[in-house]
$ cat entry-v5.tsv   # TSV, C-alpha atoms
chain	number	residue	atom	x	y	z
A	1	MET	CA	116.73	84.94	95.00
A	2	THR	CA	120.18	86.50	95.07
A	3	TRP	CA	122.06	88.50	92.47
A	4	ALA	CA	125.38	87.94	90.70
A	5	SER	CA	125.77	91.72	90.77
A	6	ILE	CA	124.50	94.60	92.84
A	7	ASP	CA	124.15	98.35	92.44
A	8	LEU	CA	125.60	100.65	95.12
A	9	ASN	CA	123.74	103.91	95.60
A	10	ALA	CA	124.34	106.86	97.90
A	11	ASP	CA	122.56	110.13	98.66
A	12	LEU	CA	124.64	112.97	97.21
A	13	GLY	CA	124.41	116.72	96.76
A	14	GLU	CA	122.95	117.08	100.25
A	15	GLY	CA	124.18	120.57	100.93
A	16	PHE	CA	122.81	124.06	100.45
A	17	GLY	CA	124.75	127.17	99.54
A	18	ARG	CA	128.03	127.19	101.45
A	19	TRP	CA	126.98	124.26	103.64
A	20	ARG	CA	127.95	120.73	102.51
A	21	LEU	CA	127.03	117.46	104.15
A	22	THR	CA	128.26	114.71	101.82
A	23	ASP	CA	131.71	114.13	100.31
A	24	ASP	CA	130.36	113.91	96.78
A	25	GLU	CA	133.70	113.75	94.99
A	26	GLU	CA	134.96	110.74	96.93
A	27	LEU	CA	131.69	108.85	97.06
A	28	LEU	CA	131.37	109.14	93.28
A	29	SER	CA	134.56	107.08	93.03
A	30	VAL	CA	132.83	104.20	94.85
A	31	VAL	CA	129.12	104.09	94.03
A	32	THR	CA	127.44	103.15	90.77
A	33	SER	CA	124.29	105.25	91.26
A	34	ALA	CA	123.95	108.73	92.79
A	35	ASN	CA	120.70	109.82	94.43
A	36	VAL	CA	120.95	113.57	93.89
A	37	ALA	CA	119.02	115.93	96.18
A	38	CYS	CA	116.73	118.09	94.06
A	39	GLY	CA	116.34	121.18	96.24
A	40	PHE	CA	113.41	120.26	98.47
A	41	HIS	CA	115.23	118.61	101.40
A	42	ALA	CA	118.74	119.70	100.39
A	43	GLY	CA	120.64	120.72	97.28
A	44	ASP	CA	120.65	123.87	95.19
A	45	ALA	CA	121.17	124.64	91.52
A	46	VAL	CA	124.95	124.92	91.72
A	47	THR	CA	125.26	121.71	93.75
A	48	MET	CA	122.94	119.77	91.44
A	49	ARG	CA	124.91	120.89	88.41
A	50	ARG	CA	128.25	120.01	89.99
A	51	VAL	CA	127.19	116.53	91.07
A	52	CYS	CA	125.69	115.76	87.65
A	53	GLU	CA	128.92	116.82	85.97
A	54	ARG	CA	131.08	114.73	88.30
A	55	ALA	CA	128.77	111.74	88.00
A	56	ALA	CA	128.87	111.93	84.20
A	57	GLU	CA	132.68	112.10	84.28
A	58	ARG	CA	132.84	108.99	86.49
A	59	GLY	CA	130.19	107.02	84.61
A	60	VAL	CA	127.90	107.01	87.64
A	61	ARG	CA	124.15	106.86	87.04
A	62	VAL	CA	122.17	109.94	88.14
A	63	GLY	CA	118.93	109.50	90.08
A	64	ALA	CA	116.47	112.11	91.33
A	65	GLN	CA	116.02	111.95	95.09
A	66	VAL	CA	112.64	113.60	95.55
A	67	SER	CA	111.32	114.79	98.88
A	68	TYR	CA	108.65	116.68	100.72
A	69	ARG	CA	109.32	120.43	100.66
A	70	ASP	CA	111.22	120.51	103.97
A	71	LEU	CA	114.64	122.19	103.89
A	72	ALA	CA	114.54	123.00	107.60
A	73	GLY	CA	113.83	119.40	108.59
A	74	PHE	CA	116.05	117.78	105.93
A	75	GLY	CA	112.98	116.05	104.54
A	76	ARG	CA	112.62	113.89	107.62
A	77	ARG	CA	109.50	115.48	109.12
A	78	ALA	CA	106.11	113.88	108.55
A	79	MET	CA	103.96	116.05	106.29
A	80	ASP	CA	100.48	115.82	104.79
A	81	VAL	CA	100.67	117.04	101.21
A	82	PRO	CA	97.61	116.84	98.93
A	83	PRO	CA	98.18	114.21	96.22
A	84	ALA	CA	97.88	116.62	93.28
A	85	GLU	CA	100.38	118.98	94.90
A	86	LEU	CA	102.79	116.17	95.71
A	87	ALA	CA	102.63	114.80	92.16
A	88	ALA	CA	103.43	118.24	90.75
A	89	GLU	CA	106.31	118.74	93.18
A	90	VAL	CA	107.81	115.34	92.37
A	91	ALA	CA	107.69	116.12	88.64
A	92	TYR	CA	109.18	119.58	89.32
A	93	GLN	CA	112.16	118.09	91.16
A	94	ILE	CA	112.84	115.50	88.46
A	95	GLY	CA	112.62	118.16	85.77
A	96	ALA	CA	115.05	120.47	87.56
A	97	LEU	CA	117.66	117.73	87.87
A	98	GLU	CA	117.12	116.62	84.28
A	99	VAL	CA	118.25	120.03	83.01
A	100	PHE	CA	121.61	119.68	84.74
A	101	ALA	CA	121.96	115.99	83.88
A	102	ARG	CA	121.46	116.62	80.17
A	103	ALA	CA	123.82	119.59	80.24
A	104	ALA	CA	126.44	117.23	81.68
A	105	GLY	CA	125.90	114.70	78.91
A	106	THR	CA	123.83	112.22	80.91
A	107	ARG	CA	120.20	111.97	82.06
A	108	VAL	CA	118.07	111.23	85.09
A	109	ALA	CA	117.96	107.44	85.10
A	110	TYR	CA	115.68	106.67	88.07
A	111	VAL	CA	113.73	108.20	90.96
A	112	LYS	CA	114.03	107.53	94.69
A	113	PRO	CA	112.02	109.25	97.44
A	114	HIS	CA	113.88	110.61	100.46
A	115	GLY	CA	113.34	110.57	104.22
A	116	ALA	CA	109.79	110.94	105.47
A	117	LEU	CA	108.39	110.55	101.97
A	118	TYR	CA	110.30	107.28	101.49
A	119	ASN	CA	108.89	105.90	104.73
A	120	ARG	CA	105.37	107.19	104.07
A	121	VAL	CA	105.04	105.49	100.68
A	122	VAL	CA	105.93	102.12	102.16
A	123	HIS	CA	102.38	101.94	103.59
A	124	ASP	CA	100.35	104.89	102.20
A	125	MET	CA	98.88	104.09	98.78
A	126	GLU	CA	97.53	107.59	98.23
A	127	GLN	CA	100.92	109.22	98.70
A	128	ALA	CA	102.61	106.41	96.75
A	129	GLY	CA	100.21	106.98	93.89
A	130	ALA	CA	100.98	110.69	93.93
A	131	VAL	CA	104.72	110.01	93.68
A	132	VAL	CA	104.13	107.66	90.76
A	133	GLU	CA	101.90	110.26	89.06
A	134	GLY	CA	104.73	112.77	89.42
A	135	VAL	CA	107.21	110.35	87.87
A	136	LEU	CA	104.85	109.70	84.97
A	137	LEU	CA	104.49	113.44	84.39
A	138	ALA	CA	108.26	113.75	84.11
A	139	ASP	CA	109.08	110.58	82.15
A	140	ASP	CA	106.93	107.46	81.87
A	141	ARG	CA	110.00	105.22	81.47
A	142	LEU	CA	111.84	106.09	84.67
A	143	PRO	CA	112.57	103.24	87.10
A	144	VAL	CA	111.46	103.77	90.70
A	145	LEU	CA	113.75	102.72	93.56
A	146	GLY	CA	112.13	101.65	96.82
A	147	LEU	CA	111.67	99.16	99.65
A	148	PRO	CA	110.63	95.61	98.66
A	149	GLY	CA	106.92	95.09	99.25
A	150	SER	CA	106.20	98.81	99.50
A	151	ARG	CA	103.05	100.48	98.21
A	152	LEU	CA	105.33	102.69	96.13
A	153	LEU	CA	106.72	99.78	94.11
A	154	GLU	CA	103.25	98.25	93.87
A	155	ALA	CA	101.85	101.50	92.42
A	156	ALA	CA	104.81	101.96	90.09
A	157	ASP	CA	104.50	98.43	88.77
A	158	LYS	CA	100.76	98.87	88.13
A	159	ALA	CA	101.55	102.06	86.22
A	160	GLY	CA	104.04	100.24	84.01
A	161	LEU	CA	107.15	101.81	85.48
A	162	PRO	CA	110.24	99.63	86.06
A	163	VAL	CA	110.78	98.93	89.75
A	164	VAL	CA	114.09	98.42	91.56
A	165	THR	CA	114.16	96.92	95.06
A	166	GLU	CA	116.54	98.50	97.56
A	167	ALA	CA	118.18	97.46	100.82
A	168	PHE	CA	120.11	99.35	103.51
A	169	ALA	CA	123.27	97.93	105.07
A	170	ASP	CA	123.46	100.63	107.72
A	171	ARG	CA	119.83	100.68	108.85
A	172	ALA	CA	118.08	98.30	111.25
A	173	TYR	CA	115.07	96.34	110.01
A	174	THR	CA	111.87	95.31	111.73
A	175	ASP	CA	110.71	91.69	111.56
A	176	GLU	CA	108.30	92.82	108.81
A	177	GLY	CA	111.13	94.02	106.57
A	178	THR	CA	110.58	97.74	107.07
A	179	LEU	CA	113.13	100.19	108.45
A	180	VAL	CA	113.30	100.84	112.19
A	181	PRO	CA	112.37	104.53	112.63
A	182	ARG	CA	115.22	106.97	113.12
A	183	GLY	CA	115.38	108.03	116.75
A	184	THR	CA	114.95	104.45	117.93
A	185	ASP	CA	118.04	103.10	119.66
A	186	GLY	CA	120.05	101.09	117.15
A	187	ALA	CA	118.11	102.30	114.10
A	188	VAL	CA	121.30	103.47	112.39
A	189	ILE	CA	124.20	101.01	112.36
A	190	THR	CA	127.56	102.76	112.59
A	191	GLU	CA	129.95	99.89	113.39
A	192	ALA	CA	131.93	99.34	110.18
A	193	ASP	CA	132.35	95.56	110.42
A	194	ALA	CA	128.65	95.09	111.00
A	195	VAL	CA	127.74	97.23	107.98
A	196	VAL	CA	130.18	95.32	105.77
A	197	GLU	CA	128.89	91.92	106.88
A	198	ARG	CA	125.29	92.98	106.41
A	199	SER	CA	126.16	94.16	102.89
A	200	ILE	CA	127.58	90.73	102.04
A	201	GLY	CA	124.53	89.00	103.48
A	202	LEU	CA	122.12	91.19	101.55
A	203	ALA	CA	123.99	90.86	98.26
A	204	ARG	CA	124.80	87.14	98.38
A	205	PHE	CA	121.91	85.67	100.35
A	206	GLY	CA	119.11	88.24	100.21
A	207	ALA	CA	118.79	88.21	103.98
A	208	VAL	CA	119.60	90.28	107.06
A	209	THR	CA	119.17	90.00	110.82
A	210	SER	CA	116.33	92.18	112.11
A	211	HIS	CA	116.48	94.54	115.08
A	212	ALA	CA	114.84	91.80	117.16
A	213	GLY	CA	117.40	89.19	116.07
A	214	ARG	CA	115.39	87.30	113.48
A	215	ARG	CA	116.73	86.34	110.06
A	216	ILE	CA	114.49	87.95	107.44
A	217	ALA	CA	114.45	87.99	103.63
A	218	VAL	CA	115.31	91.33	102.00
A	219	ARG	CA	115.86	90.73	98.30
A	220	ALA	CA	117.20	93.85	96.68
A	221	ARG	CA	118.87	94.86	93.43
A	222	SER	CA	120.43	98.03	94.85
A	223	LEU	CA	122.22	98.64	98.14
A	224	CYS	CA	122.13	102.09	99.76
A	225	LEU	CA	125.11	103.52	101.61
A	226	HIS	CA	124.26	106.73	103.45
A	227	GLY	CA	126.63	109.55	102.59
A	228	ASP	CA	125.87	111.64	105.67
A	229	THR	CA	127.20	109.22	108.31
A	230	PRO	CA	130.64	109.67	109.91
A	231	GLY	CA	133.36	107.94	107.89
A	232	ALA	CA	130.97	107.34	104.99
A	233	VAL	CA	133.62	107.30	102.28
A	234	GLY	CA	135.92	104.81	104.01
A	235	LEU	CA	132.98	102.59	104.85
A	236	ALA	CA	131.71	102.68	101.27
A	237	ARG	CA	135.14	101.63	100.03
A	238	GLN	CA	135.24	98.75	102.50
A	239	VAL	CA	131.81	97.56	101.42
A	240	ARG	CA	132.67	97.64	97.73
A	241	ALA	CA	136.00	95.89	98.24
A	242	ARG	CA	134.43	93.12	100.33
A	243	LEU	CA	131.59	92.62	97.87
A	244	GLU	CA	134.01	92.24	94.99
A	245	ALA	CA	136.23	89.92	97.03
A	246	ALA	CA	133.15	87.78	97.69
A	247	GLY	CA	132.54	87.45	93.96
A	248	VAL	CA	129.71	90.00	93.70
A	249	ARG	CA	129.96	92.33	90.71
A	250	VAL	CA	129.28	95.95	91.65
A	251	GLU	CA	127.48	97.61	88.75
A	252	ALA	CA	124.48	99.78	88.05
A	253	PHE	CA	121.14	97.95	87.83
A	254	ALA	CA	119.92	97.11	84.33
$ encode --input "entry-v5.tsv" --output "structure tokens"
Amino acid sequence: MTWASIDLNADLGEGFGRWRLTDDEELLSVVTSANVACGFHAGDAVTMRRVCERAAERGVRVGAQVSYRDLAGFGRRAMDVPPAELAAEVAYQIGALEVFARAAGTRVAYVKPHGALYNRVVHDMEQAGAVVEGVLLADDRLPVLGLPGSRLLEAADKAGLPVVTEAFADRAYTDEGTLVPRGTDGAVITEADAVVERSIGLARFGAVTSHAGRRIAVRARSLCLHGDTPGAVGLARQVRARLEAAGVRVEAFA
């Protein structure tokens, strides 16, 4: 199955205090959904408020990017958090962002885990269930964004939450359709032409070439463009332009 349209999402608000990582202003002119850091892996109150305001002005959908509590490790370190604690922390992050979203005239429209939590809930049903419990505590109508076939989307679907499948144009895939771990050679794809071509393949054909060279199915409704890679804004613009030239509508998921 392929889509006549696709959502473009990017991780935004990934700074803290005077330190900024992503070019939020420019990326908001390209993407249709913004995964906003909620303070646990990055982001602070001022940053969250600013990104929500800019997203509302641009008509970009606001999503809560929830994470393990790991500012020092940017949310990319493996952690063992008790399910009840994780559920509460997920709800806490969504609630914090919702305050700023509503003040800006919009609302939190979906939830996406970040980093180590994202990878953990692909396989770990206990942690996936805790994330879903946290989402339900915050708002039992919120869509959950995640990897196709993940335990997270399985748990969300069972709980009655809308699920949105996601793909990554700039990350390498295993033959099983999961992401090649960061730190592995070639896990992050930085060559612009390759990222653009992979975007077209994912959007039009629901397929991508794995790290081992096999053609695999990855059917996704939303395409993630990482905002923290070098040249992220220019690359995002190239991807959007090529998608539209190929006849793919770029719009937020329904």
$ residues_around --input "entry-v5.tsv" --residues "segment 182-189 of chain A" --least-positions-apart "4" --cutoff "9 Å" --atoms "only C-alpha atoms" --output "ChimeraX atom specification"
/A:169-173,194-195,211
$ residues_near_point --input "entry-v5.tsv" --point "(100.8, 108.2, 88.7)" --cutoff "12 Å" --atoms "only C-alpha atoms" --output "ChimeraX atom specification"
/A:83-84,86-88,90-91,125-140,142,144,152-161
$ closest_residue --input "entry-v5.tsv" --among "A:Val208, A:Leu235, A:Leu202, A:Val31" --to "Ala220 of chain A" --atoms "all atoms listed in the file"
A:Leu202
$ residues_around --input "entry-v5.tsv" --residues "Val239 of chain A" --least-positions-apart "6" --cutoff "9 Å" --atoms "all atoms listed in the file" --output "ChimeraX atom specification"
/A:192,195-197,199-200,225
$ write_last_selection --input "entry-v5.tsv" --atoms "C-alpha atoms" --output "CSV table (one decimal), in the frame of the given file"
chain,number,residue,atom,x,y,z
A,192,ALA,CA,131.9,99.3,110.2
A,195,VAL,CA,127.7,97.2,108.0
A,196,VAL,CA,130.2,95.3,105.8
A,197,GLU,CA,128.9,91.9,106.9
A,199,SER,CA,126.2,94.2,102.9
A,200,ILE,CA,127.6,90.7,102.0
A,225,LEU,CA,125.1,103.5,101.6
$ closest_residue --input "entry-v5.tsv" --among "A:Glu166, A:Glu244, A:Asp11, A:Glu191" --to "Ser33 of chain A" --atoms "all atoms listed in the file"
A:Asp11
$ closest_residue --input "entry-v5.tsv" --among "A:Ala101, A:Ala207, A:Ile6, A:Leu147" --to "Ala45 of chain A" --atoms "only C-alpha atoms"
A:Ala101
$ decode --input "entry-v5.tsv" --residues "segment 86-125 of chain A" --atoms "N, CA and C atoms" --output "CSV table (one decimal), in the first residue's frame"
chain,number,residue,atom,x,y,z
A,86,LEU,N,7.2,5.4,34.3
A,86,LEU,CA,7.3,5.8,32.9
A,86,LEU,C,5.9,6.4,32.4
A,87,ALA,N,4.9,5.7,32.8
A,87,ALA,CA,3.5,6.2,32.4
A,87,ALA,C,3.3,7.6,32.9
A,88,ALA,N,3.6,7.8,34.2
A,88,ALA,CA,3.4,9.1,34.8
A,88,ALA,C,4.3,10.2,34.1
A,89,GLU,N,5.5,9.8,33.8
A,89,GLU,CA,6.4,10.8,33.1
A,89,GLU,C,6.0,11.1,31.7
A,90,VAL,N,5.5,10.1,31.0
A,90,VAL,CA,4.9,10.4,29.7
A,90,VAL,C,3.8,11.3,29.7
A,91,ALA,N,2.8,11.1,30.6
A,91,ALA,CA,1.7,12.0,30.8
A,91,ALA,C,2.1,13.4,31.2
A,92,TYR,N,3.1,13.5,32.1
A,92,TYR,CA,3.7,14.8,32.5
A,92,TYR,C,4.2,15.6,31.4
A,93,GLN,N,5.0,14.9,30.5
A,93,GLN,CA,5.5,15.6,29.3
A,93,GLN,C,4.5,16.1,28.4
A,94,ILE,N,3.5,15.3,28.1
A,94,ILE,CA,2.4,15.7,27.2
A,94,ILE,C,1.6,16.9,27.8
A,95,GLY,N,1.4,16.8,29.1
A,95,GLY,CA,0.6,17.9,29.8
A,95,GLY,C,1.4,19.2,29.8
A,96,ALA,N,2.7,19.1,29.9
A,96,ALA,CA,3.5,20.4,29.9
A,96,ALA,C,3.4,21.0,28.5
A,97,LEU,N,3.5,20.2,27.5
A,97,LEU,CA,3.5,20.8,26.1
A,97,LEU,C,2.1,21.3,25.8
A,98,GLU,N,1.1,20.6,26.3
A,98,GLU,CA,-0.3,21.0,26.0
A,98,GLU,C,-0.6,22.4,26.5
A,99,VAL,N,0.0,22.8,27.7
A,99,VAL,CA,-0.2,24.1,28.2
A,99,VAL,C,0.2,25.2,27.2
A,100,PHE,N,1.4,25.0,26.6
A,100,PHE,CA,2.0,26.0,25.7
A,100,PHE,C,1.3,25.9,24.3
A,101,ALA,N,0.9,24.7,23.9
A,101,ALA,CA,0.1,24.5,22.7
A,101,ALA,C,-1.2,25.3,22.7
A,102,ARG,N,-1.9,25.1,23.8
A,102,ARG,CA,-3.2,25.8,23.9
A,102,ARG,C,-3.1,27.3,24.0
A,103,ALA,N,-2.0,27.7,24.7
A,103,ALA,CA,-1.8,29.2,24.8
A,103,ALA,C,-1.5,29.8,23.4
A,104,ALA,N,-1.0,29.0,22.5
A,104,ALA,CA,-0.6,29.4,21.2
A,104,ALA,C,-1.8,29.3,20.2
A,105,GLY,N,-2.9,28.7,20.7
A,105,GLY,CA,-4.1,28.6,19.9
A,105,GLY,C,-4.2,27.3,19.1
A,106,THR,N,-3.4,26.3,19.6
A,106,THR,CA,-3.4,25.0,18.9
A,106,THR,C,-3.5,23.9,20.0
A,107,ARG,N,-3.1,22.7,19.8
A,107,ARG,CA,-3.1,21.7,20.8
A,107,ARG,C,-2.1,20.6,20.4
A,108,VAL,N,-1.8,19.7,21.4
A,108,VAL,CA,-1.0,18.6,21.1
A,108,VAL,C,-1.8,17.6,20.3
A,109,ALA,N,-1.3,17.2,19.1
A,109,ALA,CA,-2.1,16.4,18.2
A,109,ALA,C,-1.7,15.0,18.1
A,110,TYR,N,-0.6,14.6,18.6
A,110,TYR,CA,-0.1,13.3,18.6
A,110,TYR,C,1.1,13.1,19.5
A,111,VAL,N,1.6,11.9,19.7
A,111,VAL,CA,2.7,11.6,20.6
A,111,VAL,C,3.7,10.7,19.9
A,112,LYS,N,4.9,11.0,20.0
A,112,LYS,CA,6.0,10.2,19.5
A,112,LYS,C,7.1,10.0,20.5
A,113,PRO,N,7.5,8.8,20.8
A,113,PRO,CA,8.7,8.6,21.7
A,113,PRO,C,10.0,9.0,21.0
A,114,HIS,N,11.0,9.3,21.8
A,114,HIS,CA,12.3,9.7,21.3
A,114,HIS,C,13.4,8.7,21.6
A,115,GLY,N,14.4,8.6,20.8
A,115,GLY,CA,15.7,8.0,21.1
A,115,GLY,C,15.6,6.6,21.6
A,116,ALA,N,16.2,6.4,22.8
A,116,ALA,CA,16.2,5.0,23.4
A,116,ALA,C,14.8,4.5,23.7
A,117,LEU,N,13.9,5.4,24.1
A,117,LEU,CA,12.6,4.9,24.3
A,117,LEU,C,11.9,4.5,23.1
A,118,TYR,N,12.1,5.2,22.0
A,118,TYR,CA,11.5,4.8,20.7
A,118,TYR,C,12.0,3.4,20.3
A,119,ASN,N,13.3,3.2,20.4
A,119,ASN,CA,13.8,1.9,20.0
A,119,ASN,C,13.4,0.8,21.0
A,120,ARG,N,13.3,1.1,22.3
A,120,ARG,CA,12.9,0.1,23.3
A,120,ARG,C,11.5,-0.4,23.0
A,121,VAL,N,10.5,0.5,22.7
A,121,VAL,CA,9.1,0.1,22.5
A,121,VAL,C,8.8,-0.6,21.2
A,122,VAL,N,9.9,-0.7,20.4
A,122,VAL,CA,9.7,-1.5,19.2
A,122,VAL,C,9.5,-3.0,19.6
A,123,HIS,N,10.2,-3.5,20.6
A,123,HIS,CA,10.2,-4.9,21.0
A,123,HIS,C,9.7,-5.1,22.4
A,124,ASP,N,9.7,-4.2,23.3
A,124,ASP,CA,9.4,-4.4,24.7
A,124,ASP,C,8.0,-4.0,25.0
A,125,MET,N,7.1,-5.0,25.2
A,125,MET,CA,5.7,-4.8,25.4
A,125,MET,C,5.4,-4.1,26.7
